[in-house]
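Participant: Just dropping this structure here.
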2 protein chains.
Amino acid sequence: MAAAAPPPPPSDVPGMPEIAPPSARRTLFARVRLAAPSDVPHIHKMIYQMAVFERLSDQCIATEASLTSTLFNSPPFQSFTVLLLEVSHLPFAPLPPPPQQNPTTVPAFAPVVRAINLDLPIEDPEAEIFASGAEGGGAVVAGFVLFFPNYSTFLAKPGFYIEDLFVRECYRRKGLGRMLLAAVAGQAARMGYGRVEWVVLDWNVNAIKFYEEMGAKILQEWRICRLTGDALSAYANSNY
Amino acid sequence: MAAAAPPPPPSDVPGMPEIAPPSARRTLFARVRLAAPSDVPHIHKMIYQMAVFERLSDQCIATEASLTSTLFNSPPFQSFTVLLLEVSHLPFAPLPPPPQQNPTTVPAFAPVVRAINLDLPIEDPEAEIFASGAEGGGAVVAGFVLFFPNYSTFLAKPGFYIEDLFVRECYRRKGLGRMLLAAVAGQAARMGYGRVEWVVLDWNVNAIKFYEEMGAKILQEWRICRLTGDALSAYANSNY
């Protein structure tokens with residue numbers, strides 16, 4: 001598998017002249033497709049990486065089993081939905097057309113594919129762990145977005161709420177996060193939905209700038225209220 | 001119908017001695033039940049009242065038809081769900097047991113009933129408009145809560161997101177908002193869900209105090225990002 005034995009990056013070899021990488025390495029093919037239950041091990045690893053990045057790994061108790069039992073219980077877009085980002089140095093073979101489960105209301109999701117020109121080849125230290133079973137070889141899982149329907153009473157329309165958007169560290173700043181977000185927004189627009197919403201930390205100025213460039217407005221006045229843990233359990237048998 | 005011809009409130013009759021209202025008027029029976037499509041006209045009126053209260057009526061384009069076509073398409077709790085608050089000066093007759101559509105995963109919602117002792121009788125100027133068809137007479141729709149499942153990847157568990165919680169003006173400060181919120185929290189707890197979340201305006205200190213007393217934490221650092229209107233439509237055919 002090409003990605004499993006990458007050539008050493010030129011800068012890591014002291015005294016060696018810079019070797020031009022194969023031209024194929026200058027192009028990264030990226031694909032966004034619907035995730036399947038067989039993707040759960042990769043999704044789980046990325047959720048944990050995200051928790052570490054946010055310094056919230058102590059709050060991350062998701063397991064492969066708990067993800068498997070709570071995701072993929074509904075048709076795509078009707079409940080919790082995961083789109084997976086894969087990258088490869090070879091073009092992706094077409095996927096079989098998705099089953100059209102609800103032709104009257106839900107457009108099927110056609111995988112989105114892009115070719116990205118790289119200034120420098122990317123070395124992925126976790127290429128083997130994230131090798132995608134979907135392709136014959138060389139494809140790697142690089143990110144995901146998890147979202148689900150929300151609802152606006154003022155619009156009397158559904159929308160999508162994005163719970164997580166994650167791109168693995170070595171693939172960032174290549175437009176791949178934009179590709180994942182645009183895939184959700186595109187699906188919402190094609191379904192006639194009213195809004196796509198998500199949250200951002202108020203000190204994350206780079207993320208806020210990125211989202212505003214994507215066309216989003218930041219709602220400054222609203223705060224999230226969260227009832228969880230023992231405070232929530234107390235309501236199980238309460239007689240309010 | 002008792003509520004359609006209320007006795008004038010004693011304080012509104014100058015010079016008259018205070019007349020003790022009938023003792024039945026001192027007790028308000030409140031019931032929270034699953035809403036049905038036949039409740040849409042009342043729900044629509046309350047959504048509009050909420051928009052006026054929030055000074056956002058120009059953004060409220062919901063109609064009875066658009067609500068009907070977007071709500072009630074899934075079993076309760078699996079997608080957009082409305083619980084309705086009714087009040088009456090007479091005790092509520094028991095409702096027929098709800099159909100148990102998914103016995104393995106979703107507990108049915110048993111209506112919540114409370115009797116509230118009032119210091120003063122409530123005069124409802126819109127009692128006729130909001131007369132509830134569900135009861136023989138005297139019951140009035142007083143509020144609603146609309147919510148839907150959300151998902152925490154860290155917990156690998158669903159939760160509920162409350163989009164709207166509304167109590168009509170003359171029924172406020174009686175514990176009825178608490179009753180609606182507790183009904184959602186209780187259902188979440190009984191379903192083993194991880195969180196109940198909603199949003200509040202940062203200047204609404206009374207609401208924040210109320211939510212904190214209910215056990216909620218206010219997340220100060222997060223901001224909502226919203227992609228809507230033309231900015232969203234632009235993604236329908238974009239090639240990101």
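Lettering and numbering for the structure tokens are positional, with chains as A, B, ... in the shown order, residues counted from 1 in each chain, and ligands counted from 1 in the shown order.
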Based on only C-alpha atoms, which of the residues in chain A come within 6 Å of chain B? I want them as a count of residues only.
Facilitator: 39
Participant: So which one's closest to A:Ala110, A:Thr81, A:Pro96, A:Ser38, A:Glu54? Using only C-alpha atoms, please.
Facilitator: A:Pro96
Participant: Could you pull out the alpha helix (DSSP H) residues of stretch 20-113 of chain B from DSSP and send them as a PyMOL selection string?
Facilitator: chain B and resi 40-53+64-70
Participant: In Å to one decimal, how far is atom CA of B:Pro76 from atom CA of B:Ala131?
Facilitator: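 Atom CA of B:Pro76 lies 23.7 Å from atom CA of B:Ala131.
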Participant: Report, in Å to a single decimal, how far apart atom CA of A:Val167 and atom CA of A:Asp39 are.
Facilitator: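 Taking atom CA of A:Asp39 and atom CA of A:Val167, their separation equals 15.3 Å.
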Participant: Please list as a CSV table (one decimal) with C-alpha atoms, in the first residue's frame every residue within 12 Å of A:Ile116, counting only C-alpha atoms and excluding residues in the same chain fewer than 5 positions away.
Facilitator:
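Below is the file that was written, around.csv:
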chain,number,residue,atom,x,y,z
A,24,ALA,CA,1.3,11.8,-8.2
A,25,ARG,CA,2.2,13.0,-4.6
A,26,ARG,CA,1.5,16.6,-5.7
A,27,THR,CA,-2.2,15.8,-6.1
A,28,LEU,CA,-4.5,14.8,-3.3
A,29,PHE,CA,-7.8,13.3,-4.2
A,30,ALA,CA,-10.5,13.9,-1.6
A,31,ARG,CA,-13.9,12.3,-1.3
A,87,VAL,CA,-8.0,11.1,0.8
A,88,SER,CA,-5.9,9.3,-1.7
A,89,HIS,CA,-3.0,9.9,-4.0
A,90,LEU,CA,-4.9,7.9,-6.7
A,91,PRO,CA,-8.3,8.9,-8.1
A,121,PRO,CA,3.5,16.3,-0.2
A,122,ILE,CA,1.7,15.3,3.0
A,171,TYR,CA,-4.6,17.3,6.4
A,173,ARG,CA,-5.4,24.0,5.9
A,174,LYS,CA,-6.1,22.3,2.5
A,175,GLY,CA,-9.8,23.2,2.2
A,176,LEU,CA,-11.0,19.9,3.5
A,179,MET,CA,-15.4,20.6,1.7
B,240,TYR,CA,-16.4,22.8,-3.0
Participant: Can you tell me how far atom CA of A:Glu213 sits from atom CA of A:Ala108, in Å to one decimal?
Facilitator: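 That distance, rounded to one decimal, is 27.4 Å.
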Participant: Among stretch 55-129 of chain A, which residues carry a DSSP assignment of strand (DSSP E), reported as a list in words?
Facilitator: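 These are the residues in question: Thr81, Val82, Leu83, Leu84, Leu85, Glu86, Val87, Ser88, Val112, Val113, Arg114, Ala115, Ile116 and Asn117 of chain A.
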Participant: For B:Pro37, which residue out of B:Val145, B:Val140, B:Ala115, B:Val82 is the nearest one, using only C-alpha atoms?
Facilitator: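 Checking each of B:Val145, B:Val140, B:Ala115, B:Val82 against B:Pro37, counting only C-alpha atoms, the winner is B:Val82.
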